[in-house]
file data22.txt (compact mmCIF, C-alpha atoms and all ligand atoms)
# COMPACT_ATOMS: atom_id res chain seq x y z
CA MET A 28 -13.28 -4.54 -0.01
CA LYS A 29 -13.42 -7.59 2.22
CA TYR A 30 -15.01 -7.22 5.65
CA LYS A 31 -14.38 -9.18 8.81
CA LYS A 32 -17.10 -9.93 11.34
CA LEU A 33 -15.81 -9.25 14.86
CA ASN A 34 -16.85 -11.39 17.85
CA ASN A 35 -19.82 -9.08 18.53
CA GLY A 36 -21.11 -9.19 14.93
CA VAL A 37 -19.74 -5.79 13.87
CA ASN A 38 -18.29 -5.75 10.35
CA MET A 39 -14.88 -4.16 9.94
CA PRO A 40 -12.97 -3.54 6.68
CA MET A 41 -9.94 -5.84 6.39
CA LEU A 42 -7.82 -3.08 4.92
CA GLY A 43 -7.61 0.45 6.26
CA PHE A 44 -5.51 3.59 6.30
CA GLY A 45 -2.92 4.19 9.04
CA THR A 46 -2.18 7.76 10.12
CA PHE A 47 0.73 7.45 12.57
CA GLN A 48 3.45 10.01 11.81
CA ILE A 49 1.33 11.93 9.32
CA PRO A 50 1.85 15.52 10.48
CA ALA A 51 -1.36 17.33 11.42
CA SER A 52 -0.71 19.83 8.61
CA GLN A 53 -0.86 17.03 5.98
CA THR A 54 -3.51 14.82 7.57
CA LYS A 55 -6.68 16.35 6.14
CA ALA A 56 -5.41 16.16 2.55
CA CYS A 57 -4.07 12.61 3.04
CA VAL A 58 -7.31 11.33 4.54
CA LEU A 59 -9.34 12.95 1.76
CA ASP A 60 -7.06 11.20 -0.76
CA ALA A 61 -7.46 7.90 1.09
CA LEU A 62 -11.24 8.21 1.17
CA GLN A 63 -11.23 9.04 -2.52
CA ALA A 64 -9.08 5.94 -3.16
CA GLY A 65 -11.77 3.87 -1.43
CA TYR A 66 -10.49 3.48 2.14
CA ARG A 67 -13.27 3.41 4.72
CA LEU A 68 -11.30 2.31 7.79
CA ILE A 69 -9.13 5.06 9.27
CA ASP A 70 -6.80 4.29 12.18
CA THR A 71 -5.71 7.07 14.52
CA ALA A 72 -4.94 7.68 18.21
CA SER A 73 -5.01 10.57 20.63
CA ALA A 74 -1.21 10.24 20.70
CA TYR A 75 -0.96 10.87 16.92
CA PHE A 76 -2.15 14.49 17.36
CA ASN A 77 -4.20 14.38 14.15
CA GLU A 78 -7.75 13.43 15.21
CA LYS A 79 -9.09 16.94 14.55
CA GLU A 80 -7.80 16.97 10.96
CA ILE A 81 -9.21 13.48 10.34
CA GLY A 82 -12.58 14.72 11.57
CA GLU A 83 -12.38 17.66 9.16
CA ALA A 84 -11.63 15.33 6.24
CA LEU A 85 -14.51 13.01 7.14
CA LYS A 86 -16.90 15.92 7.32
CA GLU A 87 -15.70 17.43 4.05
CA SER A 88 -15.89 14.05 2.25
CA GLY A 89 -19.67 13.95 2.70
CA ILE A 90 -19.47 10.16 3.16
CA PRO A 91 -22.39 8.98 5.34
CA ARG A 92 -21.33 8.18 8.91
CA LYS A 93 -22.41 4.54 8.70
CA ASP A 94 -20.09 3.99 5.72
CA PHE A 95 -16.79 4.72 7.45
CA PHE A 96 -15.10 2.97 10.35
CA ILE A 97 -12.96 4.99 12.77
CA THR A 98 -10.46 3.56 15.21
CA THR A 99 -8.87 5.68 17.90
CA LYS A 100 -6.92 4.81 21.05
CA VAL A 101 -6.52 5.87 24.66
CA TRP A 102 -2.95 6.79 25.66
CA ILE A 103 -1.19 5.72 28.91
CA GLN A 104 -1.49 9.21 30.40
CA ASP A 105 -5.27 8.74 30.29
CA ALA A 106 -5.22 5.22 31.74
CA GLY A 107 -7.78 4.62 34.49
CA TYR A 108 -11.56 4.69 34.63
CA GLU A 109 -12.27 8.43 35.05
CA LYS A 110 -9.44 9.61 32.83
CA THR A 111 -10.47 7.28 30.01
CA LEU A 112 -14.07 8.52 30.10
CA LYS A 113 -12.72 12.05 29.70
CA ALA A 114 -10.17 11.08 27.02
CA PHE A 115 -12.89 9.34 25.03
CA GLN A 116 -15.03 12.46 25.04
CA THR A 117 -12.02 14.53 23.94
CA SER A 118 -11.42 12.14 21.02
CA LEU A 119 -15.08 12.30 20.03
CA ASN A 120 -14.95 16.11 20.07
CA GLN A 121 -11.71 16.21 18.09
CA LEU A 122 -13.12 13.85 15.46
CA GLY A 123 -16.48 15.64 15.42
CA LEU A 124 -18.33 12.34 15.88
CA ASP A 125 -20.90 11.07 18.34
CA TYR A 126 -19.66 7.49 18.41
CA ILE A 127 -16.42 5.61 17.66
CA ASP A 128 -16.35 2.33 15.75
CA LEU A 129 -13.33 0.87 17.53
CA TYR A 130 -11.67 2.17 20.70
CA LEU A 131 -8.39 0.57 21.75
CA ILE A 132 -6.06 0.66 24.73
CA HIS A 133 -2.91 1.90 23.02
CA GLN A 134 -0.30 0.38 25.32
CA PRO A 135 -0.34 -2.38 27.95
CA TYR A 136 0.80 0.03 30.68
CA GLY A 137 -0.74 2.06 33.48
CA ASP A 138 -4.21 1.34 34.89
CA TYR A 139 -5.55 -0.29 31.74
CA TYR A 140 -8.04 -2.32 33.75
CA GLY A 141 -9.67 0.97 34.80
CA SER A 142 -9.62 2.08 31.15
CA TYR A 143 -11.20 -1.16 30.04
CA LYS A 144 -14.04 -0.79 32.58
CA ALA A 145 -14.76 2.67 31.17
CA MET A 146 -14.69 1.26 27.63
CA GLU A 147 -17.12 -1.51 28.59
CA GLU A 148 -19.47 1.13 29.97
CA LEU A 149 -19.21 3.30 26.82
CA TYR A 150 -19.76 0.19 24.71
CA ARG A 151 -22.96 -0.68 26.63
CA LYS A 152 -24.17 2.90 26.11
CA GLY A 153 -23.65 2.58 22.35
CA LYS A 154 -20.86 5.17 22.20
CA ILE A 155 -18.34 2.57 20.91
CA ARG A 156 -19.19 -0.28 18.49
CA ALA A 157 -16.15 -2.43 19.31
CA ILE A 158 -13.41 -2.39 21.96
CA GLY A 159 -9.96 -3.89 22.18
CA VAL A 160 -6.28 -3.50 22.90
CA CYS A 161 -2.92 -2.98 21.23
CA ASN A 162 0.43 -4.54 21.92
CA PHE A 163 -0.91 -7.03 24.45
CA SER A 164 1.36 -10.06 24.74
CA PRO A 165 -0.44 -13.41 25.03
CA GLU A 166 -0.25 -13.53 28.83
CA ARG A 167 -1.45 -9.96 29.32
CA PHE A 168 -4.19 -10.56 26.81
CA VAL A 169 -5.42 -13.75 28.50
CA ASP A 170 -5.31 -12.11 31.93
CA LEU A 171 -7.47 -9.23 30.68
CA TYR A 172 -9.77 -11.69 28.94
CA MET A 173 -10.25 -13.64 32.19
CA ASN A 174 -11.05 -10.49 34.14
CA CYS A 175 -13.38 -8.54 31.85
CA THR A 176 -17.02 -8.82 30.90
CA ILE A 177 -17.01 -7.70 27.28
CA LYS A 178 -14.28 -9.69 25.58
CA PRO A 179 -11.75 -7.74 23.48
CA MET A 180 -12.64 -7.76 19.79
CA ILE A 181 -9.22 -6.68 18.47
CA ASN A 182 -5.57 -6.90 19.44
CA GLN A 183 -3.52 -4.56 17.24
CA ILE A 184 0.07 -5.83 17.21
CA GLU A 185 3.20 -5.41 15.10
CA TYR A 186 3.07 -7.98 12.31
CA HIS A 187 4.99 -8.19 9.03
CA PRO A 188 7.37 -10.62 7.28
CA PHE A 189 10.31 -9.74 9.57
CA PHE A 190 8.24 -10.18 12.75
CA GLN A 191 5.69 -12.94 12.22
CA GLN A 192 3.87 -13.31 15.52
CA LYS A 193 2.04 -16.43 14.40
CA ASP A 194 1.72 -18.12 17.81
CA ALA A 195 0.23 -14.97 19.32
CA HIS A 196 -2.13 -14.57 16.36
CA HIS A 197 -3.32 -18.17 16.67
CA LEU A 198 -3.88 -17.73 20.39
CA PHE A 199 -5.97 -14.58 19.84
CA GLN A 200 -7.98 -16.53 17.26
CA GLN A 201 -8.75 -19.18 19.88
CA TYR A 202 -10.17 -16.38 22.05
CA HIS A 203 -12.21 -15.01 19.12
CA CYS A 204 -10.15 -11.83 19.14
CA GLN A 205 -9.24 -10.46 15.70
CA THR A 206 -5.57 -9.70 15.07
CA GLN A 207 -4.81 -6.42 13.34
CA ALA A 208 -1.32 -5.64 12.06
CA TRP A 209 0.35 -2.34 12.73
CA GLY A 210 3.51 -1.64 10.75
CA PRO A 211 2.32 -4.13 8.13
CA LEU A 212 5.09 -2.87 5.80
CA ASN A 213 7.69 -2.81 8.61
CA GLU A 214 7.50 0.98 8.36
CA GLY A 215 9.58 0.61 5.19
CA GLN A 216 12.60 -0.61 7.18
CA ARG A 217 15.11 -3.42 6.41
CA GLN A 218 14.89 -2.56 2.71
CA ILE A 219 11.54 -4.34 2.59
CA PHE A 220 10.64 -2.78 -0.76
CA ASN A 221 13.85 -4.14 -2.31
CA HIS A 222 14.03 -7.53 -0.66
CA PRO A 223 15.10 -10.18 -3.24
CA ILE A 224 12.71 -12.90 -1.97
CA LEU A 225 9.76 -10.51 -1.98
CA LYS A 226 10.86 -9.13 -5.34
CA ASP A 227 10.71 -12.60 -6.93
CA ILE A 228 7.23 -13.27 -5.53
CA ALA A 229 6.05 -9.85 -6.72
CA LYS A 230 7.40 -10.52 -10.21
CA LYS A 231 5.69 -13.91 -10.33
CA HIS A 232 2.27 -12.38 -9.52
CA HIS A 233 2.80 -9.13 -11.49
CA LYS A 234 2.31 -7.20 -8.26
CA THR A 235 4.44 -4.86 -6.14
CA ILE A 236 6.20 -5.91 -2.94
CA ALA A 237 3.78 -3.82 -0.85
CA GLN A 238 0.85 -5.68 -2.43
CA ILE A 239 2.47 -9.09 -1.78
CA VAL A 240 3.13 -8.27 1.87
CA LEU A 241 -0.38 -6.92 2.51
CA ARG A 242 -1.98 -9.85 0.70
CA TRP A 243 0.17 -12.27 2.76
CA GLN A 244 -1.36 -10.80 5.94
CA ILE A 245 -4.94 -10.77 4.64
CA GLU A 246 -4.60 -14.46 3.71
CA GLN A 247 -3.64 -15.16 7.33
CA ASP A 248 -6.87 -13.47 8.44
CA ILE A 249 -5.11 -10.34 9.70
CA ILE A 250 -6.53 -6.84 9.22
CA VAL A 251 -3.97 -4.37 7.79
CA ILE A 252 -3.71 -0.57 8.02
CA PRO A 253 -0.77 0.58 5.86
CA LYS A 254 0.19 4.24 6.04
CA THR A 255 1.35 6.35 3.14
CA VAL A 256 1.16 10.03 2.30
CA HIS A 257 1.20 9.32 -1.46
CA GLN A 258 -2.12 8.77 -3.21
CA GLU A 259 -0.61 6.47 -5.86
CA ARG A 260 0.64 4.21 -3.05
CA MET A 261 -2.77 4.35 -1.34
CA ILE A 262 -4.28 3.02 -4.57
CA GLU A 263 -1.50 0.44 -4.95
CA ASN A 264 -1.98 -0.82 -1.37
CA MET A 265 -5.72 -1.23 -1.97
CA ASN A 266 -5.27 -3.28 -5.11
CA ILE A 267 -4.72 -6.68 -3.52
CA TRP A 268 -7.97 -8.53 -4.12
CA ASP A 269 -7.37 -10.06 -7.54
CA PHE A 270 -4.64 -12.63 -6.82
CA GLN A 271 -3.66 -15.30 -4.34
CA LEU A 272 -0.34 -16.45 -2.89
CA ASP A 273 0.60 -20.10 -3.08
CA GLN A 274 2.24 -22.47 -0.62
CA ASP A 275 5.71 -21.80 -2.00
CA ASP A 276 5.23 -18.03 -1.50
CA PHE A 277 4.27 -18.68 2.12
CA GLN A 278 7.33 -20.89 2.62
CA GLN A 279 9.63 -18.26 1.14
CA ILE A 280 8.18 -15.45 3.27
CA ALA A 281 8.39 -17.64 6.42
CA LYS A 282 12.19 -17.54 5.98
CA LEU A 283 12.23 -13.77 6.55
CA ASN A 284 11.04 -13.96 10.15
CA LEU A 285 13.60 -12.59 12.62
CA GLY A 286 11.42 -13.59 15.56
CA HIS A 287 11.71 -10.19 17.20
CA SER A 288 10.87 -6.57 16.53
CA GLU A 289 13.42 -4.09 15.27
CA ILE A 290 10.93 -1.27 15.92
CA ILE A 291 9.98 -1.61 19.59
CA ASP A 292 10.84 -4.23 22.22
CA TYR A 293 7.95 -4.89 24.59
CA GLN A 294 10.12 -7.36 26.54
CA CYS A 295 12.45 -4.57 27.62
CA TYR A 296 11.78 -2.46 30.74
CA THR A 297 13.00 0.71 29.02
CA THR A 298 10.01 0.52 26.68
CA ALA A 299 7.65 0.66 29.67
CA LYS A 300 9.70 3.50 31.12
CA ASN A 301 9.88 5.58 27.92
CA LEU A 302 6.27 5.12 26.91
CA ASN A 303 5.08 6.05 30.43
CA LYS A 304 7.21 9.20 30.18
CA PHE A 305 5.60 10.23 26.89
CA LYS A 306 2.92 12.78 27.79
CA ILE A 307 0.31 13.83 25.27
CA HIS A 308 -1.37 16.62 27.22
CA GLU A 309 1.76 18.66 27.86
CA ASN A 310 2.56 18.60 24.13
CA SER A 311 6.08 17.45 24.92
CA THR A 312 8.38 15.85 22.37
CA LYS A 313 6.48 13.99 19.67
CA GLU A 314 9.55 12.18 18.46
CA ILE A 315 9.30 9.10 20.65
CA ARG A 316 8.16 5.93 18.94
CA ILE A 317 4.73 4.88 20.06
N1 LIG A 401 -1.06 0.41 18.04
C1 LIG A 401 0.19 0.77 17.89
O1 LIG A 401 0.98 0.76 18.83
C2 LIG A 401 0.66 1.22 16.54
C3 LIG A 401 2.03 1.41 16.30
C4 LIG A 401 2.44 1.83 15.03
C5 LIG A 401 1.50 2.04 14.04
N2 LIG A 401 0.16 1.85 14.28
C6 LIG A 401 -0.86 2.06 13.22
O2 LIG A 401 -0.52 1.23 12.11
C7 LIG A 401 -0.40 2.04 10.93
C8 LIG A 401 0.59 1.45 9.95
O3 LIG A 401 1.87 1.31 10.52
P1 LIG A 401 3.07 2.31 10.26
O4 LIG A 401 2.55 3.62 9.79
O5 LIG A 401 3.89 2.34 11.50
O6 LIG A 401 3.96 1.63 9.13
P2 LIG A 401 3.69 0.88 7.73
O7 LIG A 401 2.30 1.09 7.27
O8 LIG A 401 4.21 -0.49 7.88
O9 LIG A 401 4.72 1.60 6.77
C9 LIG A 401 4.61 2.93 6.40
C10 LIG A 401 5.85 3.26 5.54
O10 LIG A 401 5.77 2.55 4.29
C11 LIG A 401 5.80 3.47 3.20
N3 LIG A 401 4.88 2.93 2.19
C12 LIG A 401 3.55 2.69 2.32
N4 LIG A 401 3.05 2.13 1.20
C13 LIG A 401 4.09 2.02 0.34
C14 LIG A 401 4.21 1.51 -0.99
N5 LIG A 401 3.16 1.00 -1.63
N6 LIG A 401 5.43 1.57 -1.59
C15 LIG A 401 6.50 2.07 -0.94
N7 LIG A 401 6.46 2.57 0.32
C16 LIG A 401 5.24 2.54 0.94
C17 LIG A 401 5.37 4.80 3.76
O11 LIG A 401 5.99 5.85 3.07
P3 LIG A 401 5.21 7.14 2.50
O12 LIG A 401 4.25 7.61 3.55
O13 LIG A 401 6.32 8.11 2.22
O14 LIG A 401 4.53 6.67 1.25
C18 LIG A 401 5.91 4.72 5.19
O15 LIG A 401 7.30 5.07 5.20
C19 LIG A 401 0.01 3.40 11.52
O16 LIG A 401 -0.07 4.44 10.58
C20 LIG A 401 -0.91 3.49 12.70
O17 LIG A 401 -2.20 3.87 12.28
C21 LIG A 401 -0.27 1.44 15.52
call {"tool": "encode", "arguments": {"input": "data22.txt", "output": "structure tokens"}}
result
Amino acid sequence: MKYKKLNNGVNMPMLGFGTFQIPASQTKACVLDALQAGYRLIDTASAYFNEKEIGEALKESGIPRKDFFITTKVWIQDAGYEKTLKAFQTSLNQLGLDYIDLYLIHQPYGDYYGSYKAMEELYRKGKIRAIGVCNFSPERFVDLYMNCTIKPMINQIEYHPFFQQKDAHHLFQQYHCQTQAWGPLNEGQRQIFNHPILKDIAKKHHKTIAQIVLRWQIEQDIIVIPKTVHQERMIENMNIWDFQLDQDDFQQIAKLNLGHSEIIDYQCYTTAKNLNKFKIHENSTKEIRI
């Protein structure tokens, strides 16, 4: 496994296991499989409703605490200083841990400045090893950066061959903020696993399309957290360290960029409206895309 040193010196695995849309009933078994396959970075969120089961898997695995890296996130309903302090404690309790490796603001909505202040305080107290954000556009990111004390270590954004946010990634690099890709496999959409260009590159390197796509992100210095419920795919997605893409591969994959997301549009006001309406404490519909 390759590790990345964040701007505060903390080492983070460059490849981890995503758990969005893994039902709580399957989560413990999936995380145990992922840990057995060698994953040590697990990405969750209070809004995924599976922190408790992840905690159970971690405990059952017997892996020493210092050897795994847990990310969780504060949801919009808990935005604000006081509410974030409380939400953080709830996440800790659910996960059965006494500190979190990486705590992120899940969405750029609500009183996220209040949340960030709470996160800075928890960071100073040693309850969080790294803090950051998700889905922050360049201007929101820079505004937060200019108005905070502890600079964000991560921005987790959608990134894959069909939505290559290179300018944003390069800007975050200038601010010493590590880009992490969510949806690194485009959630399987747009026939990514059958795409002819990706198929040719995979054939050339004797790899699968998933491995090509993940490797393409790693070589751009982007941390990836693919999700799968199948252990053979967990192993496949981990097996990306023994080859390298060439310039022609990069040129071919550059052609796939649509320049916009087909998953969620942060430019559109309805996204702000719908995500603000999604409540995690009332256990309302869990079908909305987050
Ligand atoms: N911060 C945010 O706002 C945000 C948003 C979305 C996601 N995330 C995080 O990012 C993680 C990853 O993103 P994601 O789950 O949305 O999508 P993803 O990892 O891009 O794609 C997951 C899909 O790809 C399939 N898949 C995985 N490996 C495969 C392989 N080797 N061959 C064929 N199919 C494969 C999975 O199917 P099977 O499971 O059936 O194998 C699943 O349908 C999430 O789990 C979550 O932790 C964060």
call {"tool": "residues_around", "arguments": {"input": "data22.txt", "residues": "Ile224 (chain A)", "least_positions_apart": "4", "cutoff": "9 Å", "atoms": "only C-alpha atoms", "output": "list in words"}}
result
Ile228, Ala229, Gln279, Ile280 and Leu283 of chain A
call {"tool": "residues_near_ligand", "arguments": {"input": "data22.txt", "ligand": "ligand LIG 401 (chain A)", "cutoff": "7 Å", "atoms": "all atoms listed in the file", "output": "ChimeraX atom specification"}}
result
/A:44-48,70-71,133-134,161-162,183-184,208-215,220,237,252-257,260-261,263-264,317
call {"tool": "atom_distance", "arguments": {"input": "data22.txt", "atom1": "CA of His203 (chain A)", "atom2": "CA of Pro179 (chain A)"}}
result
8.5 Å
call {"tool": "residues_around", "arguments": {"input": "data22.txt", "residues": "Trp268 (chain A)", "least_positions_apart": "5", "cutoff": "9 Å", "atoms": "all atoms listed in the file", "output": "JSON, numbers by chain"}}
result
{"A": [28, 29, 242]}
call {"tool": "atom_distance", "arguments": {"input": "data22.txt", "atom1": "CA of Ile307 (chain A)", "atom2": "CA of Ala74 (chain A)"}}
result
6.0 Å
call {"tool": "closest_residue", "arguments": {"input": "data22.txt", "among": "A:Ala106, A:Val169, A:Ile181, A:Leu124", "to": "Leu198 (chain A)", "atoms": "all atoms listed in the file"}}
result
A:Val169
call {"tool": "axis_aligned_box", "arguments": {"input": "data22.txt", "around": "region 263-281 of chain A", "padding_each_side": "5 Å", "output": "AutoDock Vina command-line options"}}
result
--center_x 0.8 --center_y -11.0 --center_z -0.6 --size_x 27.6 --size_y 32.9 --size_z 24.0
call {"tool": "closest_residue", "arguments": {"input": "data22.txt", "among": "A:Leu112, A:Leu122, A:Val251, A:Cys175", "to": "Ser142 (chain A)", "atoms": "only C-alpha atoms"}}
result
A:Leu112
call {"tool": "closest_residue", "arguments": {"input": "data22.txt", "among": "A:Asp248, A:Asp128, A:Lys55, A:Ala114", "to": "Met39 (chain A)", "atoms": "only C-alpha atoms"}}
result
A:Asp128
call {"tool": "atom_distance", "arguments": {"input": "data22.txt", "atom1": "CA of His232 (chain A)", "atom2": "CA of Pro40 (chain A)"}}
result
23.9 Å
call {"tool": "closest_residue", "arguments": {"input": "data22.txt", "among": "A:Gln63, A:Gln192, A:Asn120, A:Thr111", "to": "Ala281 (chain A)", "atoms": "only C-alpha atoms"}}
result
A:Gln192
call {"tool": "residues_around", "arguments": {"input": "data22.txt", "residues": "Ser288 (chain A)", "least_positions_apart": "5", "cutoff": "9 Å", "atoms": "only C-alpha atoms", "output": "mmCIF file with C-alpha atoms, in the frame of the given file"}}
result
data_model
loop_
_atom_site.group_PDB
_atom_site.id
_atom_site.type_symbol
_atom_site.label_atom_id
_atom_site.label_comp_id
_atom_site.auth_asym_id
_atom_site.auth_seq_id
_atom_site.Cartn_x
_atom_site.Cartn_y
_atom_site.Cartn_z
ATOM 1 C CA GLU A 185 3.200 -5.410 15.100
ATOM 2 C CA TYR A 186 3.070 -7.980 12.310
ATOM 3 C CA PHE A 189 10.310 -9.740 9.570
ATOM 4 C CA PHE A 190 8.240 -10.180 12.750
ATOM 5 C CA TYR A 293 7.950 -4.890 24.590
#
call {"tool": "residues_near_point", "arguments": {"input": "data22.txt", "point": "(-14.0, 3.4, 2.6)", "cutoff": "9 Å", "atoms": "only C-alpha atoms", "output": "PDB file with C-alpha atoms, keeping the file's coordinate frame"}}
result
ATOM      1  CA  MET A  28     -13.280  -4.540  -0.010  1.00  0.00           C
ATOM      2  CA  PRO A  40     -12.970  -3.540   6.680  1.00  0.00           C
ATOM      3  CA  GLY A  43      -7.610   0.450   6.260  1.00  0.00           C
ATOM      4  CA  ALA A  61      -7.460   7.900   1.090  1.00  0.00           C
ATOM      5  CA  LEU A  62     -11.240   8.210   1.170  1.00  0.00           C
ATOM      6  CA  GLN A  63     -11.230   9.040  -2.520  1.00  0.00           C
ATOM      7  CA  ALA A  64      -9.080   5.940  -3.160  1.00  0.00           C
ATOM      8  CA  GLY A  65     -11.770   3.870  -1.430  1.00  0.00           C
ATOM      9  CA  TYR A  66     -10.490   3.480   2.140  1.00  0.00           C
ATOM     10  CA  ARG A  67     -13.270   3.410   4.720  1.00  0.00           C
ATOM     11  CA  LEU A  68     -11.300   2.310   7.790  1.00  0.00           C
ATOM     12  CA  ILE A  69      -9.130   5.060   9.270  1.00  0.00           C
ATOM     13  CA  ILE A  90     -19.470  10.160   3.160  1.00  0.00           C
ATOM     14  CA  ASP A  94     -20.090   3.990   5.720  1.00  0.00           C
ATOM     15  CA  PHE A  95     -16.790   4.720   7.450  1.00  0.00           C
ATOM     16  CA  PHE A  96     -15.100   2.970  10.350  1.00  0.00           C
TER      17      PHE A  96
END
call {"tool": "residues_around", "arguments": {"input": "data22.txt", "residues": "Gly137 (chain A)", "least_positions_apart": "5", "cutoff": "8 Å", "atoms": "all atoms listed in the file", "output": "PyMOL selection string"}}
result
chain A and resi 103-104+106-107+303
call {"tool": "write_last_selection", "arguments": {"input": "data22.txt", "atoms": "C-alpha atoms", "output": "PDB file, in the frame of the given file"}}
result
ATOM      1  CA  ILE A 103      -1.190   5.720  28.910  1.00  0.00           C
ATOM      2  CA  GLN A 104      -1.490   9.210  30.400  1.00  0.00           C
ATOM      3  CA  ALA A 106      -5.220   5.220  31.740  1.00  0.00           C
ATOM      4  CA  GLY A 107      -7.780   4.620  34.490  1.00  0.00           C
ATOM      5  CA  ASN A 303       5.080   6.050  30.430  1.00  0.00           C
TER       6      ASN A 303
END
call {"tool": "closest_residue", "arguments": {"input": "data22.txt", "among": "A:Leu85, A:Ile236, A:Ile249, A:Ile49", "to": "Leu33 (chain A)", "atoms": "only C-alpha atoms"}}
result
A:Ile249
call {"tool": "closest_residue", "arguments": {"input": "data22.txt", "among": "A:Gln271, A:Thr117, A:Gln216, A:Thr54", "to": "Lys231 (chain A)", "atoms": "only C-alpha atoms"}}
result
A:Gln271
